[in-house]
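Student: Input upload.pdb, format and content: PDB, C-alpha atoms.
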ATOM      1  CA  MET A  23    -184.375  40.433   2.355
ATOM      2  CA  PHE A  24    -182.525  38.742   5.210
ATOM      3  CA  ASP A  25    -183.557  40.135   8.575
ATOM      4  CA  PRO A  26    -181.081  39.190  11.335
ATOM      5  CA  HIS A  27    -183.643  40.285  13.934
ATOM      6  CA  SER A  28    -186.455  38.086  12.627
ATOM      7  CA  PRO A  29    -187.888  35.657  15.205
ATOM      8  CA  PHE A  30    -187.381  32.931  12.608
ATOM      9  CA  THR A  31    -183.655  33.594  12.413
ATOM     10  CA  ALA A  32    -181.565  31.109  14.360
ATOM     11  CA  ALA A  33    -180.056  32.485  17.549
ATOM     12  CA  PRO A  34    -176.367  33.364  17.231
ATOM     13  CA  ASP A  35    -173.912  30.796  18.464
ATOM     14  CA  PRO A  36    -172.595  32.154  21.802
ATOM     15  CA  LEU A  37    -169.251  30.527  21.056
ATOM     16  CA  GLN A  38    -168.574  32.097  17.685
ATOM     17  CA  PRO A  39    -164.896  33.076  17.253
ATOM     18  CA  ARG A  40    -165.461  36.670  18.399
ATOM     19  CA  HIS A  41    -167.254  35.498  21.524
ATOM     20  CA  LYS A  42    -164.592  32.892  22.168
ATOM     21  CA  ALA A  43    -161.917  35.588  22.014
ATOM     22  CA  ASP A  44    -163.910  37.758  24.430
ATOM     23  CA  LEU A  45    -164.285  34.812  26.803
ATOM     24  CA  ALA A  46    -160.578  34.046  26.616
ATOM     25  CA  GLU A  47    -159.638  37.666  27.233
ATOM     26  CA  GLU A  48    -161.885  37.925  30.294
ATOM     27  CA  ARG A  49    -160.667  34.596  31.696
ATOM     28  CA  LEU A  50    -156.987  35.440  31.308
ATOM     29  CA  ARG A  51    -157.477  39.025  32.491
ATOM     30  CA  LEU A  52    -159.116  37.816  35.703
ATOM     31  CA  ALA A  53    -156.347  35.251  36.171
ATOM     32  CA  VAL A  54    -153.782  38.068  36.008
ATOM     33  CA  LEU A  55    -155.726  40.476  38.231
ATOM     34  CA  HIS A  56    -156.495  37.801  40.848
ATOM     35  CA  CYS A  57    -152.861  36.597  40.781
ATOM     36  CA  GLN A  58    -153.823  33.117  39.608
ATOM     37  CA  LEU A  59    -151.075  33.853  37.110
ATOM     38  CA  ALA A  60    -148.294  34.999  39.407
ATOM     39  CA  PRO A  61    -146.622  38.341  38.648
ATOM     40  CA  GLY A  62    -143.462  37.750  36.649
ATOM     41  CA  ALA A  63    -144.441  34.182  35.685
ATOM     42  CA  THR A  64    -143.701  33.091  32.112
ATOM     43  CA  ALA A  65    -145.660  30.461  30.165
ATOM     44  CA  PRO A  66    -145.991  29.391  26.533
ATOM     45  CA  GLU A  67    -149.219  30.214  24.712
ATOM     46  CA  ALA A  68    -150.116  26.521  24.396
ATOM     47  CA  GLU A  69    -149.724  25.990  28.144
ATOM     48  CA  LEU A  70    -152.033  28.917  28.932
ATOM     49  CA  ALA A  71    -154.644  27.661  26.473
ATOM     50  CA  GLU A  72    -154.576  24.186  28.012
ATOM     51  CA  ARG A  73    -154.598  25.393  31.622
ATOM     52  CA  PHE A  74    -157.679  27.573  31.148
ATOM     53  CA  GLY A  75    -159.479  25.350  28.634
ATOM     54  CA  LEU A  76    -159.267  27.848  25.788
ATOM     55  CA  GLY A  77    -158.698  27.535  22.050
ATOM     56  CA  ARG A  78    -155.294  28.454  20.667
ATOM     57  CA  ALA A  79    -156.583  31.157  18.324
ATOM     58  CA  ALA A  80    -158.747  32.738  21.039
ATOM     59  CA  THR A  81    -155.843  32.594  23.499
ATOM     60  CA  ARG A  82    -153.515  34.261  21.018
ATOM     61  CA  ALA A  83    -155.992  37.091  20.390
ATOM     62  CA  ALA A  84    -156.650  37.519  24.115
ATOM     63  CA  LEU A  85    -152.945  37.709  24.946
ATOM     64  CA  ALA A  86    -152.442  40.366  22.278
ATOM     65  CA  LYS A  87    -155.189  42.486  23.882
ATOM     66  CA  LEU A  88    -153.780  41.988  27.370
ATOM     67  CA  SER A  89    -150.382  42.991  26.039
ATOM     68  CA  ALA A  90    -151.887  46.236  24.726
ATOM     69  CA  GLN A  91    -153.267  46.838  28.236
ATOM     70  CA  GLY A  92    -149.817  46.311  29.730
ATOM     71  CA  LEU A  93    -150.814  43.188  31.669
ATOM     72  CA  MET A  94    -148.815  40.646  29.625
ATOM     73  CA  LEU A  95    -145.450  40.900  27.906
ATOM     74  CA  ALA A  96    -144.472  38.872  24.834
ATOM     75  CA  ILE A  97    -141.115  37.148  25.354
ATOM     76  CA  PRO A  98    -139.523  35.818  22.139
ATOM     77  CA  ARG A  99    -139.028  32.035  22.182
ATOM     78  CA  LEU A 100    -140.343  31.770  25.748
ATOM     79  CA  GLY A 101    -144.013  32.721  25.538
ATOM     80  CA  TRP A 102    -145.778  35.328  27.620
ATOM     81  CA  ARG A 103    -144.729  36.944  30.856
ATOM     82  CA  VAL A 104    -147.209  38.303  33.381
ATOM     83  CA  LEU A 105    -146.581  41.951  34.264
ATOM     84  CA  PRO A 106    -144.096  41.711  37.154
ATOM     85  CA  MET A 107    -144.744  43.365  40.492
ATOM     86  CA  THR A 108    -142.066  45.930  41.238
ATOM     87  CA  GLY A 109    -141.773  49.096  43.251
ATOM     88  CA  ALA A 110    -141.440  50.995  39.979
ATOM     89  CA  HIS A 111    -144.701  49.523  38.665
ATOM     90  CA  ILE A 112    -146.545  50.449  41.854
ATOM     91  CA  GLY A 113    -145.150  53.978  41.642
ATOM     92  CA  GLN A 114    -146.248  54.327  38.014
ATOM     93  CA  VAL A 115    -149.791  53.250  38.858
ATOM     94  CA  LEU A 116    -149.993  55.706  41.764
ATOM     95  CA  HIS A 117    -148.601  58.533  39.655
ATOM     96  CA  ALA A 118    -151.089  57.854  36.852
ATOM     97  CA  LEU A 119    -154.019  57.641  39.282
ATOM     98  CA  ALA A 120    -153.158  61.056  40.710
ATOM     99  CA  PHE A 121    -153.671  62.576  37.256
ATOM    100  CA  ALA A 122    -156.503  60.443  35.876
ATOM    101  CA  GLU A 123    -158.801  60.478  38.925
ATOM    102  CA  ALA A 124    -158.952  64.268  38.720
ATOM    103  CA  ALA A 125    -161.262  63.757  35.714
ATOM    104  CA  LEU A 126    -163.962  62.317  38.006
ATOM    105  CA  ALA A 127    -164.859  65.902  38.904
ATOM    106  CA  ASP A 128    -166.327  66.174  35.389
ATOM    107  CA  ALA A 129    -168.804  63.328  35.942
ATOM    108  CA  THR A 130    -172.352  64.239  34.892
ATOM    109  CA  LEU A 131    -174.761  62.210  37.018
ATOM    110  CA  THR A 132    -178.445  61.610  36.437
ATOM    111  CA  PRO A 133    -180.936  61.489  39.330
ATOM    112  CA  ARG A 134    -180.950  57.716  38.925
ATOM    113  CA  ASP A 135    -177.143  57.641  39.167
ATOM    114  CA  LYS A 136    -177.271  59.615  42.411
ATOM    115  CA  ASP A 137    -179.851  57.254  43.894
ATOM    116  CA  ARG A 138    -177.654  54.313  42.941
ATOM    117  CA  LEU A 139    -174.604  55.886  44.573
ATOM    118  CA  ARG A 140    -176.523  56.481  47.799
ATOM    119  CA  GLU A 141    -177.725  52.872  47.722
ATOM    120  CA  LEU A 142    -174.218  51.459  47.209
ATOM    121  CA  ALA A 143    -172.743  53.673  49.946
ATOM    122  CA  THR A 144    -175.452  52.520  52.364
ATOM    123  CA  ILE A 145    -174.866  48.850  51.553
ATOM    124  CA  ALA A 146    -171.086  49.200  51.882
ATOM    125  CA  LEU A 147    -171.088  51.054  55.202
ATOM    126  CA  PRO A 148    -171.675  48.085  57.561
ATOM    127  CA  LEU A 149    -169.007  46.062  55.740
ATOM    128  CA  ARG A 150    -166.178  48.496  56.552
ATOM    129  CA  ASP A 151    -165.397  47.014  59.966
ATOM    130  CA  ARG A 152    -166.074  43.367  59.128
ATOM    131  CA  PRO A 153    -162.850  41.304  59.297
ATOM    132  CA  GLU A 154    -164.101  38.282  57.334
ATOM    133  CA  PRO A 155    -162.460  37.814  53.905
ATOM    134  CA  ALA A 156    -165.880  37.442  52.269
ATOM    135  CA  ALA A 157    -167.005  40.780  53.722
ATOM    136  CA  ARG A 158    -163.824  42.495  52.529
ATOM    137  CA  ASP A 159    -164.288  41.040  49.051
ATOM    138  CA  SER A 160    -167.897  42.233  48.966
ATOM    139  CA  LEU A 161    -166.842  45.697  50.083
ATOM    140  CA  ARG A 162    -164.238  45.890  47.306
ATOM    141  CA  GLY A 163    -166.916  44.844  44.848
ATOM    142  CA  TYR A 164    -169.235  47.661  45.923
ATOM    143  CA  GLU A 165    -166.358  50.139  45.804
ATOM    144  CA  ARG A 166    -165.636  49.134  42.217
ATOM    145  CA  MET A 167    -169.305  49.511  41.265
ATOM    146  CA  VAL A 168    -169.190  53.113  42.491
ATOM    147  CA  LEU A 169    -165.965  53.840  40.635
ATOM    148  CA  ASP A 170    -167.209  52.264  37.403
ATOM    149  CA  LEU A 171    -170.447  54.248  37.551
ATOM    150  CA  ALA A 172    -168.487  57.489  37.921
ATOM    151  CA  ALA A 173    -166.095  56.522  35.112
ATOM    152  CA  GLU A 174    -169.034  55.901  32.772
ATOM    153  CA  ARG A 175    -170.130  59.526  33.213
ATOM    154  CA  ILE A 176    -166.899  61.159  32.054
ATOM    155  CA  ASN A 177    -164.930  61.193  28.814
ATOM    156  CA  PRO A 178    -165.008  57.566  27.561
ATOM    157  CA  LEU A 179    -161.293  57.448  26.795
ATOM    158  CA  ILE A 180    -160.330  58.701  30.256
ATOM    159  CA  GLY A 181    -162.913  56.368  31.783
ATOM    160  CA  GLN A 182    -161.275  53.420  30.037
ATOM    161  CA  VAL A 183    -157.837  54.490  31.253
ATOM    162  CA  LEU A 184    -159.179  54.747  34.790
ATOM    163  CA  GLY A 185    -160.667  51.274  34.563
ATOM    164  CA  THR A 186    -157.284  49.834  33.591
ATOM    165  CA  LEU A 187    -155.534  51.738  36.391
ATOM    166  CA  TRP A 188    -158.063  50.542  38.972
ATOM    167  CA  ASP A 189    -157.551  46.988  37.724
ATOM    168  CA  LYS A 190    -153.806  47.331  38.233
ATOM    169  CA  ALA A 191    -154.249  48.933  41.657
ATOM    170  CA  ASP A 192    -156.515  46.075  42.715
ATOM    171  CA  ARG A 193    -153.937  43.577  41.459
ATOM    172  CA  ILE A 194    -151.313  45.297  43.613
ATOM    173  CA  ARG A 195    -153.654  45.059  46.603
ATOM    174  CA  ARG A 196    -154.425  41.389  46.029
ATOM    175  CA  PHE A 197    -150.803  40.437  45.584
ATOM    176  CA  LEU A 198    -149.522  42.214  48.683
ATOM    177  CA  GLU A 199    -152.425  40.989  50.832
ATOM    178  CA  LEU A 200    -151.741  37.426  49.651
ATOM    179  CA  THR A 201    -147.995  37.584  50.332
ATOM    180  CA  THR A 202    -147.725  39.886  53.373
ATOM    181  CA  GLU A 203    -149.660  40.941  56.467
ATOM    182  CA  ALA A 204    -150.373  44.386  54.976
ATOM    183  CA  ARG A 205    -154.050  45.305  54.537
ATOM    184  CA  LEU A 206    -155.395  48.193  52.490
ATOM    185  CA  PRO A 207    -157.966  50.260  54.425
ATOM    186  CA  ALA A 208    -161.424  50.555  52.896
ATOM    187  CA  ARG A 209    -162.255  53.609  50.843
ATOM    188  CA  ASP A 210    -164.464  56.256  52.462
ATOM    189  CA  MET A 211    -167.432  55.421  50.253
ATOM    190  CA  ALA A 212    -169.843  57.748  52.018
ATOM    191  CA  GLY A 213    -167.603  60.785  51.584
ATOM    192  CA  PHE A 214    -166.667  59.875  48.018
ATOM    193  CA  CYS A 215    -170.270  59.328  46.931
ATOM    194  CA  ASP A 216    -171.448  62.479  48.696
ATOM    195  CA  ALA A 217    -168.826  64.570  46.887
ATOM    196  CA  LEU A 218    -169.806  63.010  43.554
ATOM    197  CA  ILE A 219    -173.506  63.600  44.123
ATOM    198  CA  ARG A 220    -173.011  67.229  45.174
ATOM    199  CA  GLY A 221    -170.532  67.869  42.372
ATOM    200  CA  ASP A 222    -168.038  69.158  44.942
ATOM    201  CA  ALA A 223    -164.756  69.003  43.004
ATOM    202  CA  GLU A 224    -162.635  70.025  46.002
ATOM    203  CA  ALA A 225    -164.119  67.398  48.319
ATOM    204  CA  LEU A 226    -163.812  64.777  45.584
ATOM    205  CA  ALA A 227    -160.158  65.657  45.045
ATOM    206  CA  ARG A 228    -159.494  65.317  48.802
ATOM    207  CA  SER A 229    -161.197  61.933  48.848
ATOM    208  CA  CYS A 230    -159.155  60.689  45.885
ATOM    209  CA  ARG A 231    -155.897  61.972  47.380
ATOM    210  CA  ALA A 232    -156.676  60.221  50.665
ATOM    211  CA  ASP A 233    -157.271  56.931  48.859
ATOM    212  CA  GLN A 234    -154.107  57.327  46.798
ATOM    213  CA  GLN A 235    -152.106  57.999  49.961
ATOM    214  CA  ALA A 236    -153.651  54.952  51.629
ATOM    215  CA  LEU A 237    -152.578  52.813  48.658
ATOM    216  CA  ARG A 238    -149.083  54.337  48.768
ATOM    217  CA  ASP A 239    -148.708  53.627  52.506
ATOM    218  CA  PHE A 240    -150.118  50.123  52.067
ATOM    219  CA  ALA A 241    -147.709  49.344  49.224
ATOM    220  CA  ALA A 242    -144.736  50.666  51.191
ATOM    221  CA  ASP A 243    -145.762  48.547  54.194
ATOM    222  CA  GLY A 244    -146.174  45.480  51.993
ATOM    223  CA  LEU A 245    -142.852  45.930  50.225
ATOM    224  CA  MET A 246    -141.052  46.305  53.552
ATOM    225  CA  GLN A 247    -142.575  43.014  54.710
ATOM    226  CA  THR A 248    -141.383  40.992  51.727
ATOM    227  CA  ARG A 249    -138.536  38.602  52.400
ATOM    228  CA  ASN A 250    -137.302  38.593  48.826
ATOM    229  CA  GLU A 251    -133.909  40.052  48.063
ATOM    230  CA  LEU A 252    -133.516  43.256  46.101
ATOM    231  CA  ASP A 253    -131.547  42.127  43.077
ATOM    232  CA  LEU A 254    -130.253  43.632  39.852
ATOM    233  CA  HIS A 255    -131.963  42.137  36.821
ATOM    234  CA  PRO A 256    -131.063  43.861  33.566
ATOM    235  CA  ILE A 257    -133.859  43.626  31.035
ATOM    236  CA  LYS A 258    -132.988  43.231  27.370
ATOM    237  CA  GLY A 259    -135.663  42.737  24.773
ATOM    238  CA  GLY A 260    -138.230  42.000  27.477
ATOM    239  CA  THR A 261    -136.326  38.974  28.859
ATOM    240  CA  LYS A 262    -134.232  38.584  31.956
ATOM    241  CA  THR A 263    -130.514  38.344  31.311
ATOM    242  CA  ALA A 264    -127.999  37.072  33.830
ATOM    243  CA  SER A 265    -128.488  38.522  37.294
ATOM    244  CA  ALA A 266    -125.958  40.780  38.954
ATOM    245  CA  LYS A 267    -124.712  37.788  40.913
ATOM    246  CA  THR A 268    -123.782  35.764  37.837
ATOM    247  CA  ALA A 269    -123.193  38.286  35.070
ATOM    248  CA  SER A 270    -119.671  38.519  33.751
ATOM    249  CA  PRO A 271    -118.015  41.905  34.401
ATOM    250  CA  ALA A 272    -116.586  41.812  30.895
ATOM    251  CA  ALA A 273    -120.038  41.375  29.441
ATOM    252  CA  ASP A 274    -121.179  44.601  31.079
ATOM    253  CA  LYS A 275    -118.117  46.648  30.122
ATOM    254  CA  GLY A 276    -119.045  49.790  28.274
ATOM    255  CA  ARG A 277    -122.773  49.483  29.056
ATOM    256  CA  ASP A 278    -124.891  51.595  31.337
ATOM    257  CA  ALA A 279    -125.475  50.182  34.801
ATOM    258  CA  PRO A 280    -128.736  48.228  35.034
ATOM    259  CA  THR A 281    -131.676  49.770  36.834
ATOM    260  CA  PRO A 282    -132.464  48.064  40.169
ATOM    261  CA  THR A 283    -135.909  46.524  40.375
ATOM    262  CA  VAL A 284    -137.736  44.904  43.239
ATOM    263  CA  ARG A 285    -138.220  41.244  42.455
ATOM    264  CA  ILE A 286    -141.211  39.867  44.343
ATOM    265  CA  GLY A 287    -142.098  36.206  44.113
TER     266      GLY A 287
END
Show me, as structure tokens, the structure contained in the file I just sent.

Tutor:
Amino acid sequence: MFDPHSPFTAAPDPLQPRHKADLAEERLRLAVLHCQLAPGATAPEAELAERFGLGRAATRAALAKLSAQGLMLAIPRLGWRVLPMTGAHIGQVLHALAFAEAALADATLTPRDKDRLRELATIALPLRDRPEPAARDSLRGYERMVLDLAAERINPLIGQVLGTLWDKADRIRRFLELTTEARLPARDMAGFCDALIRGDAEALARSCRADQQALRDFAADGLMQTRNELDLHPIKGGTKTASAKTASPAADKGRDAPTPTVRIG
């Protein structure tokens, strides 16, 4: 009988199709979250595959998964559009976080989890007041480790939703810090971890609300610093139609007025 775990069985090829698709998804996801693919940018599938050194089939599968996560939008005959950065998008993320982060109060931590949280909070503390970009990046990394640990100890479905929301919130932060002088204050890791460890739902809720308010204030500050014009861009079938400056009045007759969006970059 064939035993896939036998020491005489050849090691699996790390670049089998499934692994290639996983690699492509992670590479493109990071490109979106780190704004290497600019919000609102559109590119054909073949161009994305070539730019990131990925196979066409793996790229296609990865883009489909990112589309399901709301990070990429399929545009007929044009390719794929990166989730644009708008005031409405930022508001949706903040609104969803206010509901989803409440589930962190249900986290069931082991003694080892609690020790790990204390360790991460201790490591992060001296980085809070460091102005260097590398220190800020390290601090964000430790913050995400804490959040991911907590998310792993709640309902898996809600934990996955939280992970996606935190990804989008971090993308908002990166974009606004790259394009404006706005800076998001560091999370109070000590207070957050202490509330988690003690199972203090009220203190945890206060900590989450404070962080959500900090993100809201940061986003408002960043949006007010942008030099881009607020423009009307009707969306039809996922693609941009003529802007309000060039659209024919006759073409819009009898249709609802388009919803204003903030076009950034």

Student: Given the file above and the PyMOL selection byres ((chain A and resi 162) around 12), which residues are selected, and can you give them as a PyMOL selection string?

Tutor: chain A and resi 142-143+145-147+149-150+155-161+163-169+188-189+191-192+195-196+206-211

Student: When you look at region 77-93 of chain A with a cut-off of 6 Å (counting all atoms listed in the file), what residues show up, excluding the ones that are within fewer than 2 positions of it in the same chain? I need them as a ChimeraX atom specification.

Tutor: /A:42-43,46-47,71,95,105

Student: Using Å and a single decimal, report how far CA of Arg103 (chain A) sits from CA of Ala122 (chain A).

Tutor: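 According to the coordinates, CA of Ala122 (chain A) and CA of Arg103 (chain A) are separated by 26.8 Å.
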
Student: In Å, rounded to a single decimal, give me how far CA of Glu67 (chain A) is from CA of Trp102 (chain A).

Tutor: 6.8 Å

Student: Between CA of Glu72 (chain A) and CA of Arg99 (chain A), what is the distance, to one decimal in Å?

Tutor: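 Distance reported for this atom pair: 18.4 Å.
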
Student: Give me the result of the PyMOL selection byres ((chain A and resi 221) around 10) on this file, residue by residue, as a PyMOL selection string.

Tutor: chain A and resi 126-131+215-220+222-226

Student: For Glu203 (chain A), which residue out of A:Gly181, A:Gly244, A:Pro106, A:Pro61 is the nearest one, using all atoms listed in the file?

Tutor: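 Checking each of A:Gly181, A:Gly244, A:Pro106, A:Pro61 against Glu203 (chain A), counting all atoms listed in the file, the winner is A:Gly244.
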
Student: Counting all atoms listed in the file, which residue out of A:Phe197, A:Ile97, A:Asn177, A:Ala232 sits closest to Pro66 (chain A)?

Tutor: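 Closest candidate: A:Ile97.
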
Student: Go through A:Gly185, A:Pro133, A:Pro178, A:Gly113 one by one, measure the shortest atom-to-atom distance of each to Ala242 (chain A) using only C-alpha atoms, and give the residue with the smallest value.

Tutor: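 Going through A:Gly185, A:Pro133, A:Pro178, A:Gly113 one by one, the smallest distance to Ala242 (chain A) is for A:Gly113.
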
Student: Do a neighbour search on Phe240 (chain A) at 10 Å with only C-alpha atoms, toss out local chain neighbours closer than 6 positions, and write the hits as a count of residues only.

Tutor: 10
